[in-house]
Amino acid sequence: MKVVIAEKPSVAREIAILLGAIEKKEGYLTGNGYQVTWAFGHLVSLAMPEDYGVTGFQREALPILPNPFLLTARKVKKDKSYVRDTGAMKQLKTIDQLFKNCESIIVATDAGREGELIFRYIYEYLNCSKPFERFWISSLTEKAILNGFDNLKPGKDFDGLYQAAVGRSRADWLVGINASQALTIASGGGIYSLGRVQTPTLAIICKRFLENKSFVIKQYWQIELEHRKEFTDFKSLSTIKWEGSKQAEDALKSLQRHGTATVIAIEIKTVNEQPPLLFDLTALQKESNIKLNLTAEETQNIAQSLYEKKFISYPRTGSKYIPEDMWVEVSKLIWILEETDKFKGVVAKMKIGRLNKRIVNDLKVTDHHGLLITDKIPSALSAKEKAIYEMIAYRLLEAVSPVCIKEITNVVFQVIHYEFELNGIKIIDAGWRAIKGSFSDEEKDPLQDLPNLKIGDEVKIKSARVLEKKTKPPALYTEASLLSAMENAGNQIGNEQERKVLQDIGIGTPATRAAIIETLFKRDYVKRDKKLLLPTEKGLKVYELVKEMKISNAAMTSEWELALQKIEDNEEDIVTFQKEIEAFTIMITQELLALSIEVENEPELTCPRCKVQKLAIRDKLVKCKGENCNWVQFRNICGLQLNLMDLESLITKGKTSLLKGMISKSGKKFDAFIFMNEVGETAFIFPEKKKMR
């Protein structure tokens, strides 16, 4: 009997049906010589400090450097402590019995670093020594599953992948546990969290936020001319940027006395704009954030759902390419799209026999190829699933289409002694841009038709006007731009030598970046303002404390990502990597414990209910210190955080200032005062509406 272990029940059921294992048992399916069981994600993980006898946050216990690391069954929070998850224990017991009684194991967890870790931790925790093979596929279609079982790979072929996963897991534990406890102890109040990838990501957001806020906006003025020739209207812009409006107005008066502009220079070049590559997960998350306003986590969950429904290939990929042997499948996928109403007209215009092979590159395919649709036509999709599926399908059609050929014309005019420039873009062959009919990135290169122009031509000036403009601060991050910053963190390193080594290495991986961003929200370090990501007071406080330390440095995290990749490729060993992580952990723990954190000048407030005890002020709430008084006031009210001034006013005077921008349960914004009565109960008081005169 062979045991097949999948990552989750839904995938196990699909595999079991094709293997003929249709008899249901408790925690597995059996039949035809197979027993198919499943995990529920991470059933086993690294043990927590209390498992090593370290309870609470103890300065003298830091740093905690387990040797050896212990594994434990999944735990869940109950009251104020963690207990073993009964569901996880039950399933582990089932898996244990199946492993003990089988001949060999087939590993069918997700084909990636985390999927490998899920199985290996279970295997190690159960002290199993049975031989195992790896089932490695990029989609869950019937054809892919059957082909996967026909081509099982030796388990040892994935030892490098497992070692990289273990290295990542232990590094996150060592840095996260020790740094978080050290900062919390040093602060003397409140709970703080730091992490190997989390903290550099927070630093990216905070640094940009502070640059944006400190940016000094400067006004400047330019003159725009509107021209007409050969029944074509077009515009040019002065190359001079005047610092004062009067200077610009004086120049305008001079220009208005001249009715023509003379062409003094022309540059015409033909540009071949390559089609976009296939999506990897990060690129899909960026695109869906921009076009659909979906978070990175939402996109990842939707893509995973489409994968499990067999409509797309494995989504947690870091590659935008396919291997040579997959090229023959592409035209088949395109013909399948022709069967759908949405894509029928688009596919009909494509030259299937002359597809662009730019996406074919064996060397750039990692664990999985770029995102593709499958040969299964989708049905019964939610609106968001449909939108993501169509995004992936459109990208495939664009990726294999011809280049877009553009003619870009740069013209320089002279009027008196002033010069004016304009750019014209003409589409010679739309190529891939014809797929969606989007011929230009409007913000980058707005289309402008031009008449035939040559040096010396006199062009009529229809009108002229002064444009008032402002310099723009560095843009605040959205999830899309943050994902780009995380993906390209290596390119932002100041040291040129380090940058060359790490230029293609980001922080986090496509599979983990969404979770890192969500962690920042959960820690109350970052908040959303529509599409923008803004640091909270707590997030900025943490950043100010650690910004000069290596733990906030993207270069360090990128170096570790590079090392993990080398471990996966069997070019480095995990022992050396772990020693480096432990040395860093010792250093950062000492630095954090040595911090002298000034406690905010918090007001001393008396409980409004018992009138006796003092209040404990925390990041999320204020509560009475008395054992018999349960008065609590949460600081986050309808999406708005009560600052210390309003908190003091509420408790001492019974009313806050007018709080603006709170959000009701229905999602509507409102303004209100918060009123507190004599026993500490609160209510809203809405401002009176101004009467119309």
# chains A, B, ... in the order shown; residues from 1 in each chain; ligands from 1

call {"tool": "closest_atom_pairs", "arguments": {"of": "segment 374-470 of chain A", "to": "segment 250-260 of chain A", "cutoff": "10 Å", "atoms": "only C-alpha atoms", "output": "tab-separated table"}}
result
residue	atom	partner	partner_atom	distance
A:Phe413	CA	A:Thr260	CA	9.6
A:Gln414	CA	A:Thr260	CA	9.1
A:Val415	CA	A:Leu255	CA	6.8
A:Ile416	CA	A:Leu255	CA	7.3
A:His417	CA	A:Leu255	CA	9.7
A:Tyr418	CA	A:Leu255	CA	8.7
A:Asp457	CA	A:Thr260	CA	9.6
A:Glu458	CA	A:Thr260	CA	6.0
A:Val459	CA	A:Thr260	CA	5.3
A:Lys460	CA	A:Thr260	CA	4.4
A:Ile461	CA	A:Thr260	CA	5.2
A:Lys462	CA	A:Gly259	CA	7.7
A:Ser463	CA	A:Gln256	CA	8.0
A:Ala464	CA	A:Gln256	CA	7.0
A:Arg465	CA	A:Leu252	CA	7.1
A:Val466	CA	A:Leu252	CA	7.1

call {"tool": "residues_around", "arguments": {"residues": "Ser129 of chain A", "least_positions_apart": "6", "cutoff": "12 Å", "atoms": "only C-alpha atoms", "output": "PyMOL selection string"}}
result
chain A and resi 96+99-105+120+122-123

call {"tool": "residues_around", "arguments": {"residues": "Gln285 of chain A", "least_positions_apart": "6", "cutoff": "9 Å", "atoms": "only C-alpha atoms", "output": "ChimeraX atom specification"}}
result
/A:294-300,479-480,483,514

call {"tool": "write_last_selection", "arguments": {"atoms": "C-alpha atoms", "output": "short mmCIF file (atom, residue, chain, number, x, y, z; two decimals), in the first residue's frame"}}
result
data_model
loop_
_atom_site.label_atom_id
_atom_site.label_comp_id
_atom_site.auth_asym_id
_atom_site.auth_seq_id
_atom_site.Cartn_x
_atom_site.Cartn_y
_atom_site.Cartn_z
CA LEU A 294 -7.66 44.06 -4.66
CA THR A 295 -5.16 43.56 -1.85
CA ALA A 296 -2.18 41.26 -2.38
CA GLU A 297 -3.75 38.73 -0.02
CA GLU A 298 -7.11 38.82 -1.82
CA THR A 299 -5.41 38.24 -5.18
CA GLN A 300 -3.37 35.34 -3.81
CA GLU A 479 0.17 47.75 -2.30
CA ALA A 480 1.15 47.60 -5.97
CA LEU A 483 5.21 44.93 -3.93
CA ALA A 514 1.09 39.25 0.84
#

call {"tool": "residues_around", "arguments": {"residues": "Val107 of chain A", "least_positions_apart": "2", "cutoff": "12 Å", "atoms": "only C-alpha atoms", "output": "number ranges by chain"}}
result
A: 2-7, 12, 15, 36-39, 99, 104-105, 109-112, 115-120, 122-123, 130-137, 148-149, 152-156, 158

call {"tool": "closest_residue", "arguments": {"among": "A:Gly680, A:Pro535, A:Gly661, A:Gly431", "to": "Leu476 of chain A", "atoms": "only C-alpha atoms"}}
result
A:Pro535

call {"tool": "residues_around", "arguments": {"residues": "Ala171 of chain A", "least_positions_apart": "5", "cutoff": "8 Å", "atoms": "only C-alpha atoms", "output": "ChimeraX atom specification"}}
result
/A:196,578,581

call {"tool": "write_last_selection", "arguments": {"atoms": "N, CA and C atoms", "output": "short mmCIF file (atom, residue, chain, number, x, y, z; two decimals), in the first residue's frame"}}
result
data_model
loop_
_atom_site.label_atom_id
_atom_site.label_comp_id
_atom_site.auth_asym_id
_atom_site.auth_seq_id
_atom_site.Cartn_x
_atom_site.Cartn_y
_atom_site.Cartn_z
N ARG A 196 12.31 39.36 10.30
CA ARG A 196 13.37 39.34 9.28
C ARG A 196 12.95 40.09 8.01
N GLN A 578 22.88 29.13 9.22
CA GLN A 578 22.30 29.25 10.56
C GLN A 578 23.27 29.92 11.53
N ILE A 581 23.00 33.57 10.99
CA ILE A 581 21.74 34.08 11.55
C ILE A 581 21.85 34.20 13.07
#

call {"tool": "residues_around", "arguments": {"residues": "segment 62-70 of chain A", "least_positions_apart": "2", "cutoff": "9 Å", "atoms": "only C-alpha atoms", "output": "PyMOL selection string"}}
result
chain A and resi 45-49+51-52+54+57-60+72+125+170+174+177-179+181-182+582+585-586+589-590

call {"tool": "closest_residue", "arguments": {"among": "A:Leu277, A:Leu533, A:Val400, A:Leu355", "to": "Thr201 of chain A", "atoms": "only C-alpha atoms"}}
result
A:Leu533

call {"tool": "atom_distance", "arguments": {"atom1": "atom CA of Thr652 of chain A", "atom2": "atom CA of Asp619 of chain A"}}
result
19.4 Å

call {"tool": "closest_residue", "arguments": {"among": "A:Leu140, A:Val526, A:Ile516, A:Val166", "to": "Thr374 of chain A", "atoms": "only C-alpha atoms"}}
result
A:Leu140

call {"tool": "atom_distance", "arguments": {"atom1": "atom CA of Ile425 of chain A", "atom2": "atom CA of Ile408 of chain A"}}
result
4.7 Å

call {"tool": "decode", "arguments": {"residues": "segment 561-598 of chain A", "atoms": "N, CA and C atoms", "output": "JSON list (two decimals), in the first residue's frame"}}
result
[["chain", "number", "residue", "atom", "x", "y", "z"],
["A", 561, "GLU", "N", 18.03, 36.11, 1.39],
["A", 561, "GLU", "CA", 17.24, 35.48, 0.33],
["A", 561, "GLU", "C", 18.18, 34.83, -0.70],
["A", 562, "LEU", "N", 19.27, 35.53, -1.00],
["A", 562, "LEU", "CA", 20.26, 34.98, -1.94],
["A", 562, "LEU", "C", 20.89, 33.71, -1.37],
["A", 563, "ALA", "N", 21.21, 33.74, -0.08],
["A", 563, "ALA", "CA", 21.79, 32.56, 0.57],
["A", 563, "ALA", "C", 20.82, 31.39, 0.55],
["A", 564, "LEU", "N", 19.54, 31.66, 0.81],
["A", 564, "LEU", "CA", 18.53, 30.59, 0.80],
["A", 564, "LEU", "C", 18.41, 29.98, -0.60],
["A", 565, "GLN", "N", 18.51, 30.83, -1.63],
["A", 565, "GLN", "CA", 18.45, 30.31, -2.99],
["A", 565, "GLN", "C", 19.65, 29.41, -3.27],
["A", 566, "LYS", "N", 20.82, 29.77, -2.75],
["A", 566, "LYS", "CA", 22.02, 28.95, -2.95],
["A", 566, "LYS", "C", 21.90, 27.62, -2.20],
["A", 567, "ILE", "N", 21.26, 27.66, -1.03],
["A", 567, "ILE", "CA", 21.03, 26.41, -0.28],
["A", 567, "ILE", "C", 20.10, 25.51, -1.10],
["A", 568, "GLU", "N", 19.06, 26.11, -1.66],
["A", 568, "GLU", "CA", 18.12, 25.33, -2.48],
["A", 568, "GLU", "C", 18.83, 24.70, -3.68],
["A", 569, "ASP", "N", 19.78, 25.42, -4.24],
["A", 569, "ASP", "CA", 20.52, 24.92, -5.41],
["A", 569, "ASP", "C", 21.72, 24.06, -5.02],
["A", 570, "ASN", "N", 21.83, 23.72, -3.70],
["A", 570, "ASN", "CA", 22.91, 22.89, -3.18],
["A", 570, "ASN", "C", 24.29, 23.51, -3.38],
["A", 571, "GLU", "N", 24.34, 24.85, -3.38],
["A", 571, "GLU", "CA", 25.60, 25.56, -3.52],
["A", 571, "GLU", "C", 26.16, 26.01, -2.17],
["A", 572, "GLU", "N", 25.31, 26.05, -1.16],
["A", 572, "GLU", "CA", 25.72, 26.39, 0.20],
["A", 572, "GLU", "C", 25.04, 25.44, 1.17],
["A", 573, "ASP", "N", 25.56, 25.36, 2.41],
["A", 573, "ASP", "CA", 24.94, 24.46, 3.38],
["A", 573, "ASP", "C", 24.23, 25.26, 4.46],
["A", 574, "ILE", "N", 23.21, 24.65, 5.05],
["A", 574, "ILE", "CA", 22.37, 25.32, 6.03],
["A", 574, "ILE", "C", 23.12, 25.61, 7.33],
["A", 575, "VAL", "N", 24.14, 24.81, 7.66],
["A", 575, "VAL", "CA", 24.88, 25.01, 8.91],
["A", 575, "VAL", "C", 25.55, 26.38, 8.93],
["A", 576, "THR", "N", 26.22, 26.73, 7.83],
["A", 576, "THR", "CA", 26.88, 28.04, 7.74],
["A", 576, "THR", "C", 25.86, 29.17, 7.83],
["A", 577, "PHE", "N", 24.75, 29.00, 7.10],
["A", 577, "PHE", "CA", 23.69, 30.02, 7.10],
["A", 577, "PHE", "C", 23.15, 30.23, 8.51],
["A", 578, "GLN", "N", 22.88, 29.13, 9.22],
["A", 578, "GLN", "CA", 22.30, 29.25, 10.56],
["A", 578, "GLN", "C", 23.27, 29.92, 11.53],
["A", 579, "LYS", "N", 24.56, 29.64, 11.39],
["A", 579, "LYS", "CA", 25.56, 30.29, 12.25],
["A", 579, "LYS", "C", 25.55, 31.80, 12.04],
["A", 580, "GLU", "N", 25.42, 32.22, 10.78],
["A", 580, "GLU", "CA", 25.37, 33.65, 10.47],
["A", 580, "GLU", "C", 24.12, 34.28, 11.07],
["A", 581, "ILE", "N", 23.00, 33.57, 10.99],
["A", 581, "ILE", "CA", 21.74, 34.08, 11.55],
["A", 581, "ILE", "C", 21.85, 34.20, 13.07],
["A", 582, "GLU", "N", 22.45, 33.19, 13.70],
["A", 582, "GLU", "CA", 22.60, 33.22, 15.16],
["A", 582, "GLU", "C", 23.50, 34.38, 15.59],
["A", 583, "ALA", "N", 24.58, 34.62, 14.84],
["A", 583, "ALA", "CA", 25.48, 35.73, 15.16],
["A", 583, "ALA", "C", 24.74, 37.06, 15.05],
["A", 584, "PHE", "N", 23.94, 37.18, 14.00],
["A", 584, "PHE", "CA", 23.14, 38.40, 13.82],
["A", 584, "PHE", "C", 22.13, 38.55, 14.96],
["A", 585, "THR", "N", 21.50, 37.44, 15.34],
["A", 585, "THR", "CA", 20.49, 37.46, 16.41],
["A", 585, "THR", "C", 21.10, 37.94, 17.72],
["A", 586, "ILE", "N", 22.30, 37.46, 18.04],
["A", 586, "ILE", "CA", 22.98, 37.90, 19.27],
["A", 586, "ILE", "C", 23.23, 39.40, 19.22],
["A", 587, "MET", "N", 23.71, 39.87, 18.08],
["A", 587, "MET", "CA", 24.03, 41.30, 17.93],
["A", 587, "MET", "C", 22.78, 42.17, 18.05],
["A", 588, "ILE", "N", 21.71, 41.82, 17.31],
["A", 588, "ILE", "CA", 20.52, 42.67, 17.29],
["A", 588, "ILE", "C", 19.81, 42.63, 18.64],
["A", 589, "THR", "N", 19.86, 41.50, 19.33],
["A", 589, "THR", "CA", 19.23, 41.41, 20.66],
["A", 589, "THR", "C", 19.93, 42.34, 21.63],
["A", 590, "GLN", "N", 21.26, 42.35, 21.59],
["A", 590, "GLN", "CA", 22.03, 43.24, 22.48],
["A", 590, "GLN", "C", 21.75, 44.70, 22.17],
["A", 591, "GLU", "N", 21.68, 45.04, 20.89],
["A", 591, "GLU", "CA", 21.40, 46.42, 20.48],
["A", 591, "GLU", "C", 20.02, 46.86, 20.98],
["A", 592, "LEU", "N", 19.03, 45.99, 20.82],
["A", 592, "LEU", "CA", 17.67, 46.35, 21.21],
["A", 592, "LEU", "C", 17.52, 46.46, 22.73],
["A", 593, "LEU", "N", 18.14, 45.53, 23.46],
["A", 593, "LEU", "CA", 18.05, 45.59, 24.91],
["A", 593, "LEU", "C", 18.74, 46.83, 25.47],
["A", 594, "ALA", "N", 19.72, 47.34, 24.73],
["A", 594, "ALA", "CA", 20.45, 48.53, 25.19],
["A", 594, "ALA", "C", 19.72, 49.83, 24.89],
["A", 595, "LEU", "N", 18.63, 49.73, 24.13],
["A", 595, "LEU", "CA", 17.88, 50.94, 23.79],
["A", 595, "LEU", "C", 17.33, 51.60, 25.03],
["A", 596, "SER", "N", 17.43, 52.90, 25.07],
["A", 596, "SER", "CA", 16.80, 53.65, 26.15],
["A", 596, "SER", "C", 15.58, 54.32, 25.55],
["A", 597, "ILE", "N", 14.43, 53.70, 25.73],
["A", 597, "ILE", "CA", 13.21, 54.20, 25.11],
["A", 597, "ILE", "C", 12.51, 55.17, 26.05],
["A", 598, "GLU", "N", 12.35, 56.38, 25.56],
["A", 598, "GLU", "CA", 11.62, 57.35, 26.36],
["A", 598, "GLU", "C", 10.13, 57.05, 26.29]]
